[in-house]
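J.: The structure file model21.txt (compact mmCIF, C-alpha atoms) is provided below.
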```txt
# COMPACT_ATOMS: atom_id res chain seq x y z
CA MET A 2 -36.58 -5.82 -11.56
CA LYS A 3 -37.13 -9.19 -9.83
CA LYS A 4 -34.40 -10.11 -7.37
CA LEU A 5 -33.12 -13.60 -6.63
CA HIS A 6 -31.61 -15.40 -3.68
CA PHE A 7 -30.61 -19.00 -3.26
CA VAL A 8 -29.67 -21.28 -0.37
CA SER A 9 -28.11 -24.69 0.02
CA LEU A 10 -28.05 -26.85 3.14
CA LEU A 11 -25.92 -29.98 3.17
CA ALA A 12 -26.46 -33.07 5.32
CA LEU A 13 -23.31 -35.09 4.67
CA ALA A 14 -21.73 -37.04 7.59
CA SER A 15 -23.98 -37.68 10.59
CA PRO A 16 -27.61 -36.66 11.16
CA SER A 17 -26.52 -35.54 14.63
CA LEU A 18 -25.07 -32.46 12.98
CA PHE A 19 -28.64 -31.18 12.82
CA GLY A 20 -30.99 -30.63 15.74
CA ALA A 21 -34.72 -30.18 15.94
CA LEU A 22 -36.29 -27.11 14.42
CA ILE A 23 -35.36 -23.92 16.26
CA VAL A 24 -38.42 -21.68 16.17
CA ASN A 25 -40.19 -19.01 18.17
CA SER A 26 -43.65 -19.61 19.60
CA ALA A 27 -46.53 -19.79 17.14
CA ILE A 28 -48.92 -16.87 16.91
CA PRO A 29 -52.60 -16.92 15.85
CA ILE A 30 -53.00 -17.94 12.20
CA THR A 31 -54.37 -15.02 10.19
CA HIS A 32 -53.32 -15.83 6.62
CA THR A 33 -52.90 -18.77 4.28
CA LEU A 34 -50.19 -19.27 1.67
CA THR A 35 -51.07 -21.83 -1.01
CA VAL A 36 -48.27 -23.59 -2.90
CA GLN A 37 -48.56 -25.36 -6.25
CA PRO A 38 -45.80 -28.00 -6.36
CA ILE A 39 -44.72 -28.86 -9.92
CA ILE A 40 -42.56 -31.96 -10.36
CA VAL A 41 -40.27 -31.63 -13.38
CA SER A 42 -39.17 -34.57 -15.54
CA THR A 43 -36.99 -34.93 -18.61
CA SER A 44 -38.77 -34.56 -21.93
CA ASP A 45 -38.91 -38.34 -22.39
CA ASN A 46 -39.96 -38.85 -18.73
CA SER A 47 -36.99 -41.14 -18.11
CA GLU A 48 -35.89 -39.08 -15.09
CA THR A 49 -38.02 -37.22 -12.59
CA ALA A 50 -37.00 -34.75 -9.91
CA THR A 51 -37.49 -35.84 -6.31
CA TYR A 52 -40.51 -34.46 -4.53
CA LEU A 53 -41.13 -35.14 -0.83
CA GLY A 54 -41.09 -38.94 -0.65
CA THR A 55 -43.82 -41.19 0.67
CA ALA A 56 -47.13 -39.97 2.03
CA ALA A 57 -45.78 -40.24 5.57
CA GLN A 58 -42.59 -38.36 4.67
CA GLN A 59 -44.61 -35.64 2.93
CA THR A 60 -46.83 -35.26 5.97
CA GLU A 61 -43.79 -34.84 8.22
CA ILE A 62 -42.05 -32.32 5.94
CA LEU A 63 -45.18 -30.23 5.41
CA GLY A 64 -45.83 -30.32 9.15
CA HIS A 65 -42.37 -28.86 9.77
CA ILE A 66 -43.04 -26.11 7.22
CA ASP A 67 -46.29 -25.29 9.03
CA THR A 68 -44.43 -25.16 12.36
CA ILE A 69 -41.91 -22.70 10.92
CA TRP A 70 -44.47 -20.38 9.34
CA ALA A 71 -46.85 -20.48 12.31
CA GLN A 72 -44.35 -18.05 13.88
CA ALA A 73 -45.70 -15.46 11.44
CA GLY A 74 -49.35 -16.51 11.71
CA ILE A 75 -49.24 -18.12 8.25
CA ASP A 76 -50.66 -21.53 7.36
CA VAL A 77 -48.92 -23.07 4.33
CA GLU A 78 -51.12 -25.33 2.20
CA PHE A 79 -49.65 -27.51 -0.57
CA LEU A 80 -51.96 -28.41 -3.43
CA LEU A 81 -51.82 -31.74 -5.22
CA THR A 82 -48.74 -32.01 -7.40
CA THR A 83 -48.74 -31.41 -11.13
CA THR A 84 -46.03 -32.38 -13.62
CA TYR A 85 -43.93 -30.75 -16.31
CA SER A 86 -41.73 -32.56 -18.84
CA ASN A 87 -38.94 -30.33 -20.07
CA ASP A 88 -35.21 -30.99 -20.35
CA PHE A 89 -34.21 -27.35 -19.87
CA ALA A 90 -36.26 -26.93 -16.71
CA PHE A 91 -35.11 -30.29 -15.34
CA ASP A 92 -31.33 -29.74 -15.45
CA ASP A 93 -30.47 -27.53 -18.46
CA ARG A 94 -29.36 -30.49 -20.57
CA PRO A 95 -27.47 -31.00 -22.78
CA ASN A 96 -25.25 -28.61 -20.82
CA ASP A 97 -23.16 -30.30 -18.11
CA HIS A 98 -23.65 -29.00 -14.58
CA SER A 99 -22.64 -32.22 -12.82
CA ASN A 100 -21.04 -32.18 -9.38
CA GLY A 101 -17.43 -31.06 -9.70
CA SER A 102 -17.80 -29.83 -13.27
CA GLY A 103 -16.93 -26.29 -12.23
CA ASN A 104 -19.82 -25.16 -14.40
CA PRO A 105 -22.78 -24.11 -12.23
CA ARG A 106 -26.11 -23.69 -13.93
CA PRO A 107 -26.70 -20.02 -14.82
CA THR A 108 -28.81 -18.24 -12.23
CA SER A 109 -30.69 -16.54 -15.06
CA ASP A 110 -32.16 -19.91 -16.07
CA ILE A 111 -34.94 -19.35 -13.54
CA ASN A 112 -36.19 -16.42 -15.63
CA ASP A 113 -36.19 -18.56 -18.78
CA ILE A 114 -37.98 -21.41 -17.00
CA PHE A 115 -40.81 -19.25 -15.70
CA SER A 116 -41.17 -17.23 -18.91
CA THR A 117 -41.66 -20.35 -21.05
CA ILE A 118 -43.36 -22.92 -18.81
CA GLY A 119 -46.93 -21.84 -19.54
CA ASN A 120 -50.20 -22.19 -17.74
CA PRO A 121 -50.77 -25.01 -16.94
CA PRO A 122 -48.70 -26.40 -15.27
CA LEU A 123 -48.34 -23.02 -13.56
CA ASN A 124 -51.37 -22.33 -11.40
CA SER A 125 -53.63 -19.69 -12.92
CA ASN A 126 -54.42 -18.16 -9.52
CA PRO A 127 -51.98 -15.26 -8.93
CA SER A 128 -52.25 -15.86 -5.17
CA VAL A 129 -50.80 -19.38 -5.51
CA LEU A 130 -47.02 -19.75 -5.23
CA ASN A 131 -45.59 -21.91 -8.02
CA MET A 132 -42.75 -24.15 -6.76
CA LEU A 133 -40.85 -26.25 -9.30
CA PHE A 134 -38.96 -29.32 -8.10
CA VAL A 135 -36.00 -29.75 -10.45
CA ASP A 136 -32.81 -31.82 -10.61
CA ILE A 137 -30.38 -28.90 -10.80
CA VAL A 138 -31.41 -25.54 -9.37
CA PRO A 139 -30.23 -22.46 -11.30
CA GLY A 140 -27.13 -21.07 -9.61
CA PHE A 141 -25.81 -24.52 -8.62
CA GLU A 142 -23.94 -27.50 -9.94
CA PHE A 143 -25.64 -30.77 -9.06
CA THR A 144 -25.03 -30.93 -5.31
CA SER A 145 -25.59 -34.66 -4.55
CA GLU A 146 -28.53 -36.50 -3.02
CA ASN A 147 -27.36 -35.43 0.46
CA THR A 148 -28.40 -31.82 -0.08
CA ALA A 149 -31.40 -29.55 -0.46
CA ASN A 150 -31.21 -26.18 -2.15
CA GLY A 151 -33.34 -23.65 -3.96
CA LEU A 152 -33.51 -20.38 -5.83
CA ALA A 153 -36.43 -17.99 -5.35
CA TYR A 154 -37.59 -14.58 -6.43
CA ILE A 155 -37.66 -12.00 -3.65
CA ASP A 156 -41.09 -10.46 -3.06
CA PHE A 157 -42.46 -12.21 -6.14
CA ASN A 158 -44.00 -15.50 -7.26
CA GLY A 159 -41.72 -18.37 -8.28
CA VAL A 160 -39.19 -20.78 -6.78
CA THR A 161 -37.06 -23.67 -8.03
CA GLN A 162 -36.29 -26.37 -5.47
CA PHE A 163 -34.13 -29.50 -5.15
CA ALA A 164 -34.56 -32.16 -2.45
CA GLY A 165 -31.97 -34.95 -2.30
CA ASP A 166 -33.23 -38.53 -2.10
CA ASN A 167 -30.91 -39.39 0.79
CA LEU A 168 -32.36 -36.68 3.01
CA LEU A 169 -35.77 -38.32 2.84
CA SER A 170 -34.45 -41.45 4.55
CA PHE A 171 -34.01 -39.97 8.05
CA SER A 172 -35.98 -37.57 10.22
CA LEU A 173 -33.39 -34.81 10.51
CA GLY A 174 -32.83 -34.93 6.76
CA ARG A 175 -36.53 -34.28 6.28
CA GLU A 176 -36.18 -31.31 8.64
CA VAL A 177 -33.43 -29.97 6.37
CA ILE A 178 -35.73 -30.20 3.34
CA ALA A 179 -38.50 -28.42 5.25
CA SER A 180 -36.12 -25.69 6.41
CA VAL A 181 -34.84 -24.99 2.90
CA ILE A 182 -38.36 -24.88 1.43
CA ALA A 183 -39.49 -22.56 4.24
CA HIS A 184 -36.42 -20.38 3.62
CA GLU A 185 -37.25 -20.02 -0.08
CA ILE A 186 -40.86 -19.16 0.77
CA GLY A 187 -39.44 -16.40 2.97
CA HIS A 188 -37.76 -14.88 -0.10
CA ASN A 189 -41.00 -15.03 -2.06
CA LEU A 190 -42.70 -13.15 0.78
CA GLY A 191 -40.10 -10.37 0.65
CA LEU A 192 -37.33 -11.43 3.03
CA GLU A 193 -33.64 -11.16 2.16
CA HIS A 194 -30.62 -12.90 3.66
CA LEU A 195 -29.27 -11.53 6.91
CA VAL A 196 -26.70 -12.29 9.57
CA GLU A 197 -28.66 -13.29 12.66
CA ALA A 198 -28.11 -16.45 14.67
CA GLU A 199 -30.78 -19.13 14.24
CA ASN A 200 -32.81 -17.06 11.77
CA LEU A 201 -34.66 -18.76 8.91
CA LEU A 202 -33.10 -16.36 6.39
CA GLN A 203 -29.54 -16.77 7.67
CA GLU A 204 -27.04 -17.32 4.89
CA GLY A 205 -26.67 -20.98 3.92
CA GLY A 206 -23.74 -22.76 5.56
CA SER A 207 -23.90 -20.68 8.74
CA PRO A 208 -22.86 -22.52 11.93
CA ASN A 209 -25.81 -20.93 13.75
CA GLN A 210 -28.64 -22.07 11.55
CA GLY A 211 -32.19 -22.14 12.79
CA GLU A 212 -35.70 -21.33 11.67
CA ARG A 213 -36.68 -18.31 13.75
CA ILE A 214 -38.66 -15.46 12.15
CA SER A 215 -38.27 -12.06 13.81
CA SER A 216 -40.95 -9.43 14.42
CA ASP A 217 -39.19 -7.12 11.94
CA GLN A 218 -39.39 -9.84 9.29
CA ILE A 219 -43.08 -10.35 10.01
CA ASP A 220 -43.61 -6.62 9.50
CA THR A 221 -41.81 -6.87 6.15
CA ILE A 222 -43.92 -9.82 5.05
CA PHE A 223 -47.15 -7.99 5.80
CA THR A 224 -46.14 -4.77 4.06
CA ASP A 225 -48.28 -4.39 0.93
CA ASP A 226 -46.12 -2.68 -1.70
CA ALA A 227 -47.48 -1.06 -4.84
CA GLY A 228 -48.01 -3.50 -7.70
CA LEU A 229 -47.45 -7.26 -7.44
CA ASP A 230 -45.40 -8.36 -4.46
CA GLY A 231 -45.09 -11.22 -2.01
CA PHE A 232 -47.90 -9.90 0.18
CA ASP A 233 -50.30 -10.68 -2.68
CA LEU A 234 -49.57 -14.38 -2.18
CA LEU A 235 -51.19 -14.29 1.27
CA VAL A 236 -54.92 -14.77 1.70
CA ALA A 237 -56.49 -13.48 4.90
CA ILE A 238 -58.54 -15.94 6.91
CA PRO A 239 -61.93 -14.30 7.52
CA GLU A 240 -63.02 -13.90 11.10
CA PRO A 241 -66.36 -15.51 12.02
CA THR A 242 -69.26 -13.07 11.81
CA SER A 243 -71.45 -12.39 14.82
CA SER A 244 -74.31 -14.38 13.25
CA VAL A 245 -72.06 -17.41 12.81
CA LEU A 246 -70.89 -17.10 16.39
CA LEU A 247 -74.52 -16.95 17.50
CA VAL A 248 -75.33 -20.16 15.61
CA LEU A 249 -72.29 -21.88 17.08
CA SER A 250 -73.37 -20.83 20.57
CA PHE A 251 -76.85 -22.20 19.96
CA VAL A 252 -75.47 -25.49 18.64
CA GLY A 253 -73.24 -25.77 21.70
CA PHE A 254 -76.24 -25.15 23.96
CA THR A 255 -78.26 -27.82 22.13
CA PHE A 256 -75.45 -30.35 22.57
CA GLN A 257 -75.31 -29.59 26.27
CA ARG A 258 -79.03 -30.38 26.63
CA ARG A 259 -78.50 -33.79 25.00
CA ARG A 260 -76.02 -35.03 27.59
```
Spit out the file's structure as structure tokens when you get a sec.
T.:
Amino acid sequence: MKKLHFVSLLALASPSLFGALIVNSAIPITHTLTVQPIIVSTSDNSETATYLGTAAQQTEILGHIDTIWAQAGIDVEFLLTTTYSNDFAFDDRPNDHSNGSGNPRPTSDINDIFSTIGNPPLNSNPSVLNMLFVDIVPGFEFTSENTANGLAYIDFNGVTQFAGDNLLSFSLGREVIASVIAHEIGHNLGLEHLVEAENLLQEGGSPNQGERISSDQIDTIFTDDAGLDGFDLLVAIPEPTSSVLLVLSFVGFTFQRRR
């Protein structure tokens, strides 16, 4: 049975409530994780979920995600976005899950979304993580444009994500978006919530939030379970062969002679 976990980080009040990313030192990159971002709109395309802002804002957010996952030797690559027009996936309309309604969107909606969405827009490559940007994440009411939250399968492909417009407008807000996305990716790769100061998978709302990934968590990520699991989303980066290294050495020698 697929397991689910969700997280919400709020940036209300002052950006000074949040500091720079808190991470361990990067280690050599050995694997790549490829993400297919899918931006969901209403069926009539009158409303569209927020993605990651301008090109500059996207570059900053994706750079933060890379910084976080470099702790585990993983390079995260986002493909070009694709789109999906569907009222149910967007916010479960006509049901009302507005802020303060007291009626959170059913968590089980994520199963219905991924069982009916089809391919495309889902990426046909089983090693590509499909990440849907929606307006209301299953398990939540609408949580305002000052928040970022998500719901992801644990050790399995699939995540629904919300990024509030207001967070895109300041640097520390963009760090919040990156942290939440990186957190959800952690679930997809097999990590569960835990109580550990400054850890990426710390429960949402903790006063000791950070983005550290422990050695035990890295071991969990790189454990290949039987059948489909999060490890299957990782693609090993091949090491250069001796013949390639020889060619590179020769090229370097040639360049030296041309000085």
J.: Go through A:Thr43, A:Thr31, A:Asn25, A:Ser172 and flag the residue nearest Phe223 (chain A), using all atoms listed in the file for the distances.
T.: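 Closest to Phe223 (chain A), using all atoms listed in the file: A:Thr31.
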J.: Check the smallest atom-to-atom distance from each of A:Asp233, A:Asp136, A:Asp92, A:Asp67 to Asp110 (chain A) using only C-alpha atoms, then report the winner.
T.: A:Asp92
J.: Which one is closest to Leu235 (chain A): A:Leu63, A:Leu22, A:Leu123, A:Val129? Count only C-alpha atoms.
T.: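 Nearest to Leu235 (chain A): A:Val129.
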J.: Find the residues around Leu201 (chain A) up to 12 Å (only C-alpha atoms counted), leave out those fewer than 3 positions away in its own chain, and share them as a count of residues only.
T.: 41
J.: In terms of the shortest atom-to-atom distance over all atoms listed in the file, which of A:Ala27, A:Leu202, A:Gly231, A:Phe143 is closest to Gly103 (chain A)?
T.: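 Closest candidate: A:Phe143.
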J.: Between A:Ala56, A:Ala153, A:Ile118, A:Ala71, which residue has the minimum interatomic distance to Leu34 (chain A), considering all atoms listed in the file?
T.: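 For Leu34 (chain A), the nearest of the given residues is A:Ala71.
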J.: Excluding Thr82 (chain A) and residues on its chain fewer than 6 positions from it, collect all residues at most 10 Å away from it, counting only C-alpha atoms, and give them as a list in words.
T.: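 That gives Val36, Gln37, Pro38, Ile39, Ile40, Tyr52, Pro122, Met132 and Leu133 of chain A.
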J.: Would you mind listing what lies within 9 Å of Thr221 (chain A) as a count of residues only, with all atoms listed in the file counted and same-chain residues fewer than 5 positions away left out?
T.: 4
